[in-house]
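A.B. asks: I am sharing input_10.txt, which consists of compact mmCIF, C-alpha atoms and all ligand atoms:
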# COMPACT_ATOMS: atom_id res chain seq x y z
CA MET A 1 0.00 0.00 0.00
CA THR A 2 1.29 3.40 -0.85
CA ASP A 3 1.84 6.04 1.80
CA ILE A 4 -1.19 8.08 2.77
CA PRO A 5 -1.07 11.40 0.88
CA THR A 6 -0.94 14.68 2.75
CA ILE A 7 -1.94 16.92 -0.16
CA THR A 8 -4.92 16.90 -2.51
CA ARG A 9 -5.70 18.88 -5.66
CA ALA A 10 -9.17 20.36 -5.63
CA ALA A 11 -11.53 22.61 -7.55
CA VAL A 12 -12.47 25.35 -5.08
CA LEU A 13 -15.29 27.88 -5.26
CA VAL A 14 -13.57 31.03 -4.03
CA GLU A 15 -16.03 33.61 -5.31
CA ILE A 16 -19.61 33.28 -6.57
CA GLY A 17 -19.89 33.72 -10.32
CA LYS A 18 -16.17 33.11 -10.93
CA PRO A 19 -14.57 29.94 -12.35
CA LEU A 20 -13.53 27.30 -9.85
CA GLU A 21 -9.85 27.57 -8.89
CA ILE A 22 -7.69 24.46 -8.97
CA MET A 23 -5.38 24.42 -5.97
CA GLU A 24 -3.51 22.21 -3.57
CA LEU A 25 -5.02 21.65 -0.15
CA THR A 26 -3.46 20.04 2.90
CA LEU A 27 -5.41 17.03 4.05
CA PRO A 28 -6.54 17.18 7.69
CA THR A 29 -6.24 14.40 10.25
CA LEU A 30 -9.35 12.26 9.99
CA LYS A 31 -12.03 12.81 12.62
CA PRO A 32 -13.93 9.82 14.00
CA GLY A 33 -16.37 8.59 11.35
CA GLN A 34 -14.47 10.10 8.41
CA VAL A 35 -13.01 8.28 5.42
CA LEU A 36 -10.09 9.31 3.18
CA ILE A 37 -10.70 8.44 -0.46
CA GLU A 38 -8.62 8.54 -3.61
CA MET A 39 -11.09 9.72 -6.24
CA ALA A 40 -11.41 8.00 -9.60
CA TYR A 41 -14.35 9.88 -11.11
CA ALA A 42 -16.73 12.62 -10.06
CA GLY A 43 -20.00 13.60 -11.72
CA VAL A 44 -20.94 17.16 -12.61
CA CYS A 45 -24.53 18.17 -11.95
CA HIS A 46 -26.81 21.17 -11.83
CA SER A 47 -26.62 21.46 -8.06
CA GLN A 48 -23.00 22.55 -8.30
CA LEU A 49 -23.76 24.79 -11.27
CA HIS A 50 -26.37 26.55 -9.12
CA GLU A 51 -23.81 26.89 -6.32
CA ILE A 52 -21.11 28.30 -8.59
CA ARG A 53 -23.42 30.79 -10.29
CA GLY A 54 -24.95 31.92 -6.98
CA ARG A 55 -28.40 30.50 -7.64
CA ARG A 56 -28.76 28.80 -4.29
CA GLY A 57 -28.99 31.95 -2.25
CA PRO A 58 -26.32 33.39 0.02
CA ASP A 59 -23.24 31.19 0.47
CA ALA A 60 -21.81 31.42 3.98
CA PHE A 61 -19.09 28.84 3.41
CA LEU A 62 -16.80 30.44 0.80
CA PRO A 63 -14.19 29.38 -0.08
CA HIS A 64 -15.31 25.78 -0.32
CA THR A 65 -14.89 22.55 -2.20
CA LEU A 66 -17.84 20.93 -3.92
CA GLY A 67 -19.20 17.95 -5.84
CA HIS A 68 -21.59 15.33 -4.50
CA GLU A 69 -21.27 12.27 -6.72
CA GLY A 70 -18.27 10.05 -7.41
CA ALA A 71 -16.34 6.85 -6.96
CA GLY A 72 -12.95 6.11 -5.47
CA THR A 73 -10.81 3.87 -3.29
CA VAL A 74 -10.54 4.04 0.50
CA LEU A 75 -7.06 5.13 1.65
CA ALA A 76 -7.74 5.41 5.39
CA CYS A 77 -10.59 5.32 7.89
CA GLY A 78 -11.14 7.41 11.01
CA GLU A 79 -11.97 5.85 14.34
CA GLY A 80 -15.31 4.09 14.50
CA VAL A 81 -15.75 3.47 10.76
CA SER A 82 -16.92 -0.10 10.19
CA LYS A 83 -18.79 0.03 6.90
CA VAL A 84 -15.74 0.26 4.63
CA CYS A 85 -12.11 -0.86 4.87
CA LEU A 86 -8.79 0.20 3.46
CA GLY A 87 -8.69 -0.58 -0.27
CA ASP A 88 -12.48 -0.81 -0.73
CA ARG A 89 -13.88 0.68 -3.90
CA VAL A 90 -16.75 2.96 -2.93
CA VAL A 91 -19.50 5.14 -4.34
CA LEU A 92 -19.68 8.63 -2.84
CA SER A 93 -23.19 10.02 -2.70
CA TRP A 94 -24.81 13.11 -1.20
CA ILE A 95 -27.74 10.91 -0.17
CA LYS A 96 -27.26 9.88 3.44
CA GLY A 97 -26.93 6.17 4.12
CA GLU A 98 -25.96 4.14 7.15
CA GLY A 99 -22.98 5.07 9.27
CA VAL A 100 -21.49 7.99 11.10
CA ASP A 101 -22.47 11.48 9.95
CA VAL A 102 -19.78 14.15 10.11
CA PRO A 103 -21.21 17.43 8.85
CA GLY A 104 -18.02 18.86 7.41
CA THR A 105 -14.30 19.34 7.40
CA THR A 106 -11.74 22.00 6.57
CA TYR A 107 -8.54 22.02 4.53
CA GLU A 108 -5.62 24.43 4.73
CA SER A 109 -4.30 26.10 1.59
CA ALA A 110 -2.29 29.04 0.27
CA ILE A 111 -5.49 31.14 0.43
CA GLY A 112 -6.26 30.09 3.99
CA THR A 113 -8.90 27.70 5.29
CA VAL A 114 -11.11 26.03 2.69
CA ASN A 115 -14.44 24.59 3.87
CA SER A 116 -16.03 21.34 2.83
CA GLY A 117 -19.42 19.84 3.56
CA ALA A 118 -19.85 16.19 4.47
CA ILE A 119 -18.99 15.24 0.89
CA SER A 120 -16.85 16.85 -1.82
CA THR A 121 -15.82 15.00 -4.95
CA PHE A 122 -14.05 17.54 -7.19
CA MET A 123 -10.65 16.65 -5.77
CA THR A 124 -8.04 13.95 -6.22
CA VAL A 125 -8.17 12.82 -2.60
CA THR A 126 -11.14 13.69 -0.40
CA VAL A 127 -12.35 13.44 3.17
CA THR A 128 -15.95 12.34 3.53
CA CYS A 129 -17.86 10.47 6.20
CA GLU A 130 -19.09 6.94 6.61
CA ASN A 131 -22.74 7.64 5.79
CA ARG A 132 -21.87 9.17 2.40
CA VAL A 133 -20.07 6.08 1.08
CA VAL A 134 -21.34 2.72 -0.08
CA PRO A 135 -18.89 -0.09 -0.87
CA ILE A 136 -18.98 -1.38 -4.43
CA LEU A 137 -19.58 -5.07 -3.89
CA GLU A 138 -19.61 -5.93 -7.58
CA ASP A 139 -16.00 -6.35 -8.70
CA LYS A 140 -17.05 -6.02 -12.33
CA LEU A 141 -18.57 -2.56 -11.93
CA PRO A 142 -16.09 -0.03 -13.39
CA MET A 143 -15.35 3.14 -11.42
CA ARG A 144 -16.71 5.23 -14.29
CA GLU A 145 -20.17 3.73 -13.98
CA ALA A 146 -19.95 3.49 -10.19
CA ALA A 147 -19.56 7.27 -10.01
CA LEU A 148 -23.02 7.69 -11.54
CA LEU A 149 -24.51 5.88 -8.56
CA GLY A 150 -23.83 8.96 -6.45
CA CYS A 151 -26.59 11.19 -7.84
CA ALA A 152 -27.72 10.73 -11.46
CA VAL A 153 -28.82 7.10 -11.21
CA PRO A 154 -30.32 7.11 -7.71
CA THR A 155 -32.25 10.30 -8.44
CA GLY A 156 -33.44 9.50 -11.98
CA ALA A 157 -33.99 5.77 -11.62
CA GLY A 158 -35.12 6.19 -8.02
CA VAL A 159 -37.91 8.55 -9.06
CA VAL A 160 -39.21 5.89 -11.43
CA ILE A 161 -38.68 2.88 -9.17
CA ASN A 162 -39.30 4.28 -5.68
CA THR A 163 -41.15 7.60 -5.91
CA ALA A 164 -43.56 6.94 -8.78
CA ASP A 165 -43.35 3.12 -8.88
CA VAL A 166 -43.86 3.18 -12.66
CA GLN A 167 -45.82 0.13 -13.83
CA ALA A 168 -45.50 -2.00 -16.95
CA GLY A 169 -47.75 -0.74 -19.71
CA SER A 170 -47.97 2.79 -18.32
CA SER A 171 -46.98 6.12 -19.88
CA VAL A 172 -44.15 8.38 -18.73
CA ALA A 173 -43.00 11.82 -19.86
CA VAL A 174 -39.50 12.95 -18.89
CA PHE A 175 -38.85 16.69 -19.11
CA GLY A 176 -35.12 17.34 -19.53
CA VAL A 177 -32.93 14.41 -20.50
CA GLY A 178 -29.62 15.24 -18.87
CA GLY A 179 -28.12 12.70 -16.49
CA ILE A 180 -31.14 12.43 -14.23
CA GLY A 181 -33.74 12.51 -17.00
CA LEU A 182 -31.90 9.93 -19.11
CA SER A 183 -31.62 7.72 -16.06
CA ALA A 184 -35.41 8.04 -15.62
CA VAL A 185 -35.93 7.05 -19.27
CA LEU A 186 -33.74 3.94 -18.81
CA ALA A 187 -35.59 2.94 -15.65
CA SER A 188 -38.99 3.50 -17.28
CA ALA A 189 -37.96 1.20 -20.12
CA MET A 190 -36.71 -1.36 -17.61
CA ARG A 191 -40.06 -1.20 -15.79
CA GLY A 192 -41.90 -1.90 -19.06
CA ALA A 193 -43.56 1.49 -19.60
CA THR A 194 -44.95 1.35 -23.12
CA THR A 195 -45.10 5.09 -23.83
CA ILE A 196 -41.95 6.97 -22.84
CA ILE A 197 -41.85 10.56 -24.04
CA ALA A 198 -38.59 12.51 -23.77
CA ILE A 199 -38.69 16.31 -23.90
CA ASP A 200 -35.61 18.51 -24.31
CA ILE A 201 -34.37 21.37 -26.44
CA VAL A 202 -31.20 19.66 -27.74
CA ASP A 203 -31.58 17.11 -30.55
CA GLU A 204 -28.47 15.12 -29.55
CA LYS A 205 -29.92 14.58 -26.07
CA LEU A 206 -33.23 13.48 -27.57
CA GLU A 207 -31.35 11.00 -29.76
CA ALA A 208 -29.65 9.65 -26.64
CA ALA A 209 -33.09 9.35 -25.01
CA SER A 210 -34.33 7.32 -27.99
CA ARG A 211 -31.37 4.96 -27.58
CA ALA A 212 -32.23 4.69 -23.90
CA GLY A 213 -35.78 3.59 -24.68
CA ALA A 214 -37.88 6.69 -25.32
CA THR A 215 -40.71 5.86 -27.70
CA HIS A 216 -41.38 9.51 -28.57
CA THR A 217 -39.24 12.65 -28.47
CA ILE A 218 -40.30 16.29 -28.41
CA ASN A 219 -37.99 19.20 -29.06
CA ALA A 220 -39.60 21.87 -26.87
CA ALA A 221 -37.67 24.60 -28.69
CA THR A 222 -39.81 24.03 -31.75
CA GLU A 223 -42.88 22.16 -30.50
CA ASP A 224 -45.47 22.69 -27.77
CA ALA A 225 -44.65 19.81 -25.43
CA VAL A 226 -47.98 19.83 -23.57
CA GLU A 227 -49.98 19.74 -26.81
CA ARG A 228 -47.81 16.97 -28.29
CA ILE A 229 -48.18 14.87 -25.14
CA LYS A 230 -51.95 15.29 -25.38
CA GLU A 231 -51.84 14.05 -28.97
CA ILE A 232 -49.59 11.10 -28.15
CA THR A 233 -51.81 10.02 -25.23
CA GLU A 234 -55.02 10.69 -27.15
CA GLY A 235 -56.04 13.44 -24.80
CA SER A 236 -55.62 11.63 -21.51
CA GLY A 237 -52.18 12.81 -20.40
CA VAL A 238 -49.44 10.57 -19.01
CA ASP A 239 -49.53 8.40 -15.90
CA THR A 240 -46.20 9.83 -14.69
CA ALA A 241 -44.26 12.98 -15.54
CA VAL A 242 -40.70 13.48 -14.32
CA GLU A 243 -39.31 17.00 -14.30
CA ALA A 244 -35.52 16.93 -14.53
CA ALA A 245 -34.79 20.25 -16.23
CA GLY A 246 -34.99 22.35 -13.08
CA LEU A 247 -37.00 25.18 -14.62
CA PRO A 248 -40.31 26.65 -13.41
CA GLN A 249 -41.90 26.51 -16.87
CA THR A 250 -41.03 22.83 -17.37
CA MET A 251 -42.35 22.01 -13.90
CA GLU A 252 -45.63 23.68 -14.81
CA ALA A 253 -45.71 21.87 -18.18
CA ALA A 254 -44.93 18.53 -16.51
CA PHE A 255 -47.78 19.00 -14.04
CA VAL A 256 -50.41 19.76 -16.67
CA SER A 257 -49.19 16.79 -18.74
CA VAL A 258 -50.30 14.16 -16.22
CA ALA A 259 -53.72 12.50 -16.40
CA TYR A 260 -56.63 13.61 -14.26
CA GLY A 261 -57.68 11.06 -11.67
CA GLY A 262 -54.28 9.99 -10.44
CA GLY A 263 -51.50 11.11 -12.80
CA LEU A 264 -48.36 11.91 -10.83
CA CYS A 265 -45.84 14.66 -11.54
CA VAL A 266 -42.50 14.23 -9.75
CA LEU A 267 -40.14 17.18 -9.47
CA ALA A 268 -36.56 15.88 -9.62
CA GLY A 269 -34.91 19.10 -10.87
CA ASN A 270 -33.94 22.05 -8.70
CA VAL A 271 -34.99 25.58 -9.58
CA ALA A 272 -32.80 28.52 -8.66
CA PHE A 273 -33.23 29.89 -5.13
CA GLY A 274 -36.39 31.95 -4.82
CA GLU A 275 -38.08 30.81 -8.04
CA THR A 276 -41.66 29.60 -7.74
CA ILE A 277 -44.20 27.79 -9.87
CA ASN A 278 -47.88 28.38 -10.62
CA LEU A 279 -50.45 25.63 -10.41
CA ASP A 280 -54.20 25.68 -10.91
CA PRO A 281 -55.67 24.18 -7.72
CA PHE A 282 -58.55 22.82 -9.76
CA ASP A 283 -56.06 20.44 -11.40
CA LEU A 284 -55.31 19.03 -7.94
CA ILE A 285 -59.00 18.68 -7.19
CA LYS A 286 -59.43 16.75 -10.42
CA GLY A 287 -56.76 14.31 -9.37
CA ARG A 288 -53.48 15.51 -10.80
CA LYS A 289 -50.81 14.90 -8.18
CA ILE A 290 -47.44 16.52 -7.69
CA VAL A 291 -44.58 15.64 -5.35
CA GLY A 292 -40.94 16.54 -4.99
CA SER A 293 -38.22 13.94 -4.69
CA TRP A 294 -35.23 13.65 -2.38
CA GLY A 295 -32.70 11.67 -4.39
CA GLY A 296 -35.37 9.42 -5.84
CA GLU A 297 -36.17 8.26 -2.29
CA THR A 298 -33.09 6.09 -2.68
CA VAL A 299 -31.86 4.25 0.38
CA PRO A 300 -28.19 4.03 -0.60
CA ASP A 301 -27.18 0.88 1.24
CA ARG A 302 -30.23 -0.98 -0.04
CA ASP A 303 -30.57 0.49 -3.52
CA LEU A 304 -27.09 1.24 -4.90
CA PRO A 305 -26.10 -2.45 -4.98
CA ARG A 306 -29.42 -3.13 -6.74
CA TYR A 307 -28.79 -0.46 -9.36
CA ALA A 308 -25.26 -1.88 -9.86
CA GLU A 309 -26.70 -5.35 -10.38
CA MET A 310 -29.28 -3.98 -12.84
CA PHE A 311 -26.43 -2.40 -14.80
CA LEU A 312 -24.29 -5.53 -14.85
CA SER A 313 -27.23 -7.67 -15.96
CA GLY A 314 -27.94 -5.24 -18.81
CA LYS A 315 -31.35 -4.11 -17.49
CA LEU A 316 -30.27 -0.57 -16.67
CA PRO A 317 -27.43 0.37 -19.06
CA PHE A 318 -26.60 3.66 -17.38
CA ASP A 319 -23.16 3.89 -18.98
CA GLN A 320 -25.21 5.66 -21.69
CA LEU A 321 -25.52 8.68 -19.43
CA VAL A 322 -21.93 9.75 -19.85
CA SER A 323 -21.62 12.17 -22.74
CA HIS A 324 -18.37 13.93 -21.76
CA GLU A 325 -15.25 13.27 -19.70
CA TRP A 326 -12.97 16.01 -18.45
CA THR A 327 -9.90 16.31 -16.26
CA LEU A 328 -10.00 18.34 -13.06
CA GLU A 329 -8.06 21.12 -14.81
CA ASN A 330 -10.91 21.48 -17.33
CA ILE A 331 -13.78 21.39 -14.87
CA ASN A 332 -14.90 24.94 -15.68
CA THR A 333 -15.47 23.94 -19.30
CA ALA A 334 -17.66 21.11 -18.05
CA PHE A 335 -19.83 23.65 -16.19
CA ASP A 336 -20.02 26.00 -19.17
CA GLU A 337 -21.27 23.12 -21.32
CA LEU A 338 -23.73 22.04 -18.65
CA GLU A 339 -25.09 25.57 -18.52
CA ALA A 340 -25.49 25.51 -22.29
CA ARG A 341 -27.49 22.28 -21.74
CA GLN A 342 -25.21 20.40 -24.12
CA VAL A 343 -24.39 17.45 -21.88
CA SER A 344 -26.13 14.42 -20.50
CA ARG A 345 -23.70 13.61 -17.69
CA ALA A 346 -20.14 14.88 -17.64
CA LEU A 347 -17.59 13.07 -15.50
CA ILE A 348 -14.36 14.48 -14.12
CA ARG A 349 -11.64 11.86 -14.45
CA MET A 350 -9.11 12.03 -11.66
CA LYS A 351 -7.05 8.98 -12.50
CA ASP A 352 -4.66 10.79 -14.84
CA LYS A 353 -3.45 12.75 -11.86
CA ASN A 354 -3.11 10.05 -9.29
CA GLY A 355 -2.60 6.91 -11.33
CA ILE A 356 -5.65 4.90 -10.33
ZN ZN B 401 -26.41 15.87 -8.22
What's the structure tokens form of this structure?
Ligand SMILES: [Zn+2]

C.D. replies:
Amino acid sequence: MTDIPTITRAAVLVEIGKPLEIMELTLPTLKPGQVLIEMAYAGVCHSQLHEIRGRRGPDAFLPHTLGHEGAGTVLACGEGVSKVCLGDRVVLSWIKGEGVDVPGTTYESAIGTVNSGAISTFMTVTVTCENRVVPILEDKLPMREAALLGCAVPTGAGVVINTADVQAGSSVAVFGVGGIGLSAVLASAMRGATTIIAIDIVDEKLEAASRAGATHTINAATEDAVERIKEITEGSGVDTAVEAAGLPQTMEAAFVSVAYGGGLCVLAGNVAFGETINLDPFDLIKGRKIVGSWGGETVPDRDLPRYAEMFLSGKLPFDQLVSHEWTLENINTAFDELEARQVSRALIRMKDKNGI
């Protein structure tokens, strides 16, 4: 086993609205319940884009590290950690699982103290805590795919499997087919939904949705999505709508696209801080339902191994989510492309830097 590193390279949010700065941080001594992990891959998602661009309200923790999805290898464990061992390959997820919770940590750097929440993945070596890691029991699961189990798969597939419990033969509309939306399309196909409608404004993403199992695609830049869904469902609306674009207008469109008398709209995307949506209460009275989702109601220790098994058996081919790979040095480009809505899921590959 190699010596435990004392330094990590991280993407740090120093100032809202500015690019992340790549810098060296000194690793702290592990607190009880913490785990030191050599990162292999980290996923880039809209939550961090909102943080970077200042769309999550005031940020009291600057400067700070970020990232809440990834996969890596355990280098060391703090006192009291029993869930993972040295050398274990693990998924890092923002969704709390079993184990010790340690709310945060700090790193020292040339610019002073840098804060971190319970999980940060945009760094070559990270400190997280026991309840944000799940061991990868399947030896055959590559790190690249394992990283997607941190957010995109549990949220998107979880919405379909846990939150909405999509049934065979039912109809599903997925608004926004980035990482979470595409994951919802894959899970809907796995569940045997017979009408799966993907809505986006980028043709390449709609093509990816078709490959993932969408039976219909709608480019909302040129077509009225609500009207098209009405046509496709012969006026009834869909049984389930999943909103994964994170925009008020798509949330409103998703809600009015579900059937009266029990159609369910699930909000999986995050709007910017302070944004609101408008609903007609009469739609609720007539039986349209709407709920939010917390990570697809995924229970990490129960569900992540299941999702991994579904991938390895070919039922949930979520390797299709990855449209771009970047190095840590290019992470700002990944966010620019995410903002331009060009990507499904972008991964940051750390292995070039630390030889995983
Ligand atoms: Zn996320």

A.B. asks: What does the list of residues within 10 Å of ligand ZN 401 (chain B) look like if you count all atoms listed in the file, written as a short mmCIF file (atom, residue, chain, number, x, y, z; two decimals) with C-alpha atoms, in the coordinates of the input?

C.D. replies:
data_model
loop_
_atom_site.label_atom_id
_atom_site.label_comp_id
_atom_site.auth_asym_id
_atom_site.auth_seq_id
_atom_site.Cartn_x
_atom_site.Cartn_y
_atom_site.Cartn_z
CA GLY A 43 -20.00 13.60 -11.72
CA VAL A 44 -20.94 17.16 -12.61
CA CYS A 45 -24.53 18.17 -11.95
CA HIS A 46 -26.81 21.17 -11.83
CA SER A 47 -26.62 21.46 -8.06
CA GLN A 48 -23.00 22.55 -8.30
CA LEU A 49 -23.76 24.79 -11.27
CA GLY A 67 -19.20 17.95 -5.84
CA HIS A 68 -21.59 15.33 -4.50
CA GLU A 69 -21.27 12.27 -6.72
CA SER A 93 -23.19 10.02 -2.70
CA TRP A 94 -24.81 13.11 -1.20
CA ILE A 95 -27.74 10.91 -0.17
CA LEU A 148 -23.02 7.69 -11.54
CA GLY A 150 -23.83 8.96 -6.45
CA CYS A 151 -26.59 11.19 -7.84
CA ALA A 152 -27.72 10.73 -11.46
CA VAL A 153 -28.82 7.10 -11.21
CA PRO A 154 -30.32 7.11 -7.71
CA THR A 155 -32.25 10.30 -8.44
CA GLY A 179 -28.12 12.70 -16.49
CA ILE A 180 -31.14 12.43 -14.23
CA GLY A 269 -34.91 19.10 -10.87
CA ASN A 270 -33.94 22.05 -8.70
CA GLY A 295 -32.70 11.67 -4.39
#

A.B. asks: Calculated over only C-alpha atoms, which of the candidates A:Ala71, A:Gly246, A:Lys286, A:Ala10 has the smallest distance to A:Phe273?

C.D. replies: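 Distance minimum relative to A:Phe273 lands on A:Gly246.
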
A.B. asks: If you count all atoms listed in the file, which residues fall within 12 Å of A:Ile111, apart from same-chain ones fewer than 3 positions away, as JSON, numbers by chain?

C.D. replies: {"A": [12, 13, 14, 21, 22, 23, 24, 25, 26, 62, 63, 64, 107, 108, 114, 115]}

A.B. asks: Name the closest residue to A:Val174 among the candidates A:Asn332, A:Thr215, A:Ser236, A:Gln342; distances are taken between atoms, counting all atoms listed in the file.

C.D. replies: A:Thr215

A.B. asks: Contacts of stretch 217-222 of chain A at 6 Å or less, counting all atoms listed in the file, minus same-chain residues fewer than 4 places along, as a list in words?

C.D. replies: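 Here the answer would be Ile197, Ala198, Ile199, Asp200 and Ile201 of chain A.
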
A.B. asks: Please measure the separation of atom CA of A:Ala173 and atom CA of A:Ser344, giving the value in Å to one decimal.

C.D. replies: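 So the two atoms, atom CA of A:Ala173 and atom CA of A:Ser344, lie 17.1 Å apart.
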
A.B. asks: With distances taken over all atoms listed in the file, which of A:Val125, A:Arg341, A:Ser82, A:Thr106 is nearest to A:Pro5?

C.D. replies: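 Looking only at the distances to A:Pro5, the closest residue turns out to be A:Val125.
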
A.B. asks: Calculated over only C-alpha atoms, which of the candidates A:Val343, A:Val133, A:Leu316, A:Leu279 has the smallest distance to A:Ala208?

C.D. replies: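 Counting only C-alpha atoms, the residue closest to A:Ala208 is A:Val343.
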
A.B. asks: For A:Ile290, which residue out of A:Asp239, A:Glu275, A:Asp336, A:Glu145 is the nearest one, using all atoms listed in the file?

C.D. replies: A:Asp239

A.B. asks: Please indicate the distance in Å from atom CA of A:Arg9 to atom CA of A:Pro305, rounded to one decimal place.

C.D. replies: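 About the pair atom CA of A:Arg9 and atom CA of A:Pro305: they are 29.5 Å apart.
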
A.B. asks: With distances taken over all atoms listed in the file, which of A:Arg89, A:Lys205, A:Arg56, A:His216 is nearest to A:Glu38?

C.D. replies: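 Among the listed residues, the smallest separation from A:Glu38 belongs to A:Arg89.
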
A.B. asks: How many Å lie between atom CA of A:Gln249 and atom CA of A:Gly261, rounded to one decimal?

C.D. replies: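 Atom-to-atom, atom CA of A:Gln249 and atom CA of A:Gly261 are spaced 22.7 Å apart.
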
A.B. asks: Taking the point (-16.5, 1.1, -15.7) as given in the file, collect each protein or nucleic acid residue that comes within 12 Å of it, counting all atoms listed in the file, and present the set as a list in words.

C.D. replies: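 Every residue inside that radius is included here: Ala40, Tyr41, Ala71, Gly72, Ile136, Glu138, Asp139, Lys140, Leu141, Pro142, Met143, Arg144, Glu145, Ala146, Ala147, Leu148, Leu149, Ala308, Phe311, Leu312, Pro317, Phe318, Asp319, Gln320, Val322 and Arg349 of chain A.
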
A.B. asks: Using only C-alpha atoms - which residues lie no farther than 12 Å from the point (-41.5, 23.6, -13.2) in the file's frame? Write them as a ChimeraX atom specification.

C.D. replies: /A:175-176,241-257,265-272,275-279,290-292

A.B. asks: Which residues are near A:Ala209? Cut-off 8 Å, only C-alpha atoms, ignore same chain within fewer than 2 positions. Put them as a ChimeraX atom specification.

C.D. replies: /A:177,182,185,198,205-207,211-214,217

A.B. asks: Export C-alpha atoms of the chosen residues as a CSV table (one decimal), keeping the file's coordinate frame?

C.D. replies:
chain,number,residue,atom,x,y,z
A,177,VAL,CA,-32.9,14.4,-20.5
A,182,LEU,CA,-31.9,9.9,-19.1
A,185,VAL,CA,-35.9,7.0,-19.3
A,198,ALA,CA,-38.6,12.5,-23.8
A,205,LYS,CA,-29.9,14.6,-26.1
A,206,LEU,CA,-33.2,13.5,-27.6
A,207,GLU,CA,-31.4,11.0,-29.8
A,211,ARG,CA,-31.4,5.0,-27.6
A,212,ALA,CA,-32.2,4.7,-23.9
A,213,GLY,CA,-35.8,3.6,-24.7
A,214,ALA,CA,-37.9,6.7,-25.3
A,217,THR,CA,-39.2,12.6,-28.5

A.B. asks: Write out as a tab-separated table (two decimals) with C-alpha atoms, in the coordinates of the input the residues lying within 9 Å of A:Gly262, counting all atoms listed in the file and excluding same-chain residues fewer than 2 positions away.

C.D. replies:
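Ended up saving to out_1.tsv:
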chain	number	residue	atom	x	y	z
A	239	ASP	CA	-49.53	8.40	-15.90
A	258	VAL	CA	-50.30	14.16	-16.22
A	259	ALA	CA	-53.72	12.50	-16.40
A	260	TYR	CA	-56.63	13.61	-14.26
A	264	LEU	CA	-48.36	11.91	-10.83
A	286	LYS	CA	-59.43	16.75	-10.42
A	287	GLY	CA	-56.76	14.31	-9.37
A	288	ARG	CA	-53.48	15.51	-10.80
A	289	LYS	CA	-50.81	14.90	-8.18

A.B. asks: Output as a short mmCIF file (atom, residue, chain, number, x, y, z; two decimals), keeping the file's coordinate frame: stretch 90-102 of chain A, completed with N, CA and C atoms.

C.D. replies:
data_model
loop_
_atom_site.label_atom_id
_atom_site.label_comp_id
_atom_site.auth_asym_id
_atom_site.auth_seq_id
_atom_site.Cartn_x
_atom_site.Cartn_y
_atom_site.Cartn_z
N VAL A 90 -15.49 2.43 -3.48
CA VAL A 90 -16.75 2.96 -2.93
C VAL A 90 -17.41 3.96 -3.87
N VAL A 91 -18.74 4.05 -3.74
CA VAL A 91 -19.50 5.14 -4.34
C VAL A 91 -19.59 6.25 -3.30
N LEU A 92 -19.43 7.49 -3.73
CA LEU A 92 -19.68 8.63 -2.84
C LEU A 92 -20.97 9.29 -3.29
N SER A 93 -21.88 9.46 -2.36
CA SER A 93 -23.19 10.02 -2.70
C SER A 93 -23.63 11.04 -1.66
N TRP A 94 -24.28 12.10 -2.13
CA TRP A 94 -24.81 13.11 -1.20
C TRP A 94 -25.98 12.56 -0.39
N ILE A 95 -26.57 11.46 -0.86
CA ILE A 95 -27.74 10.91 -0.17
C ILE A 95 -27.24 10.13 1.05
N LYS A 96 -27.75 10.50 2.21
CA LYS A 96 -27.26 9.88 3.44
C LYS A 96 -27.65 8.41 3.53
N GLY A 97 -26.66 7.58 3.88
CA GLY A 97 -26.93 6.17 4.12
C GLY A 97 -26.62 5.83 5.57
N GLU A 98 -26.28 4.57 5.79
CA GLU A 98 -25.96 4.14 7.15
C GLU A 98 -24.56 4.59 7.52
N GLY A 99 -24.32 4.74 8.80
CA GLY A 99 -22.98 5.07 9.27
C GLY A 99 -22.92 6.42 9.94
N VAL A 100 -21.70 6.75 10.34
CA VAL A 100 -21.49 7.99 11.10
C VAL A 100 -21.65 9.21 10.18
N ASP A 101 -22.32 10.23 10.69
CA ASP A 101 -22.47 11.48 9.95
C ASP A 101 -21.51 12.51 10.53
N VAL A 102 -20.66 13.07 9.67
CA VAL A 102 -19.78 14.15 10.11
C VAL A 102 -20.08 15.33 9.18
#
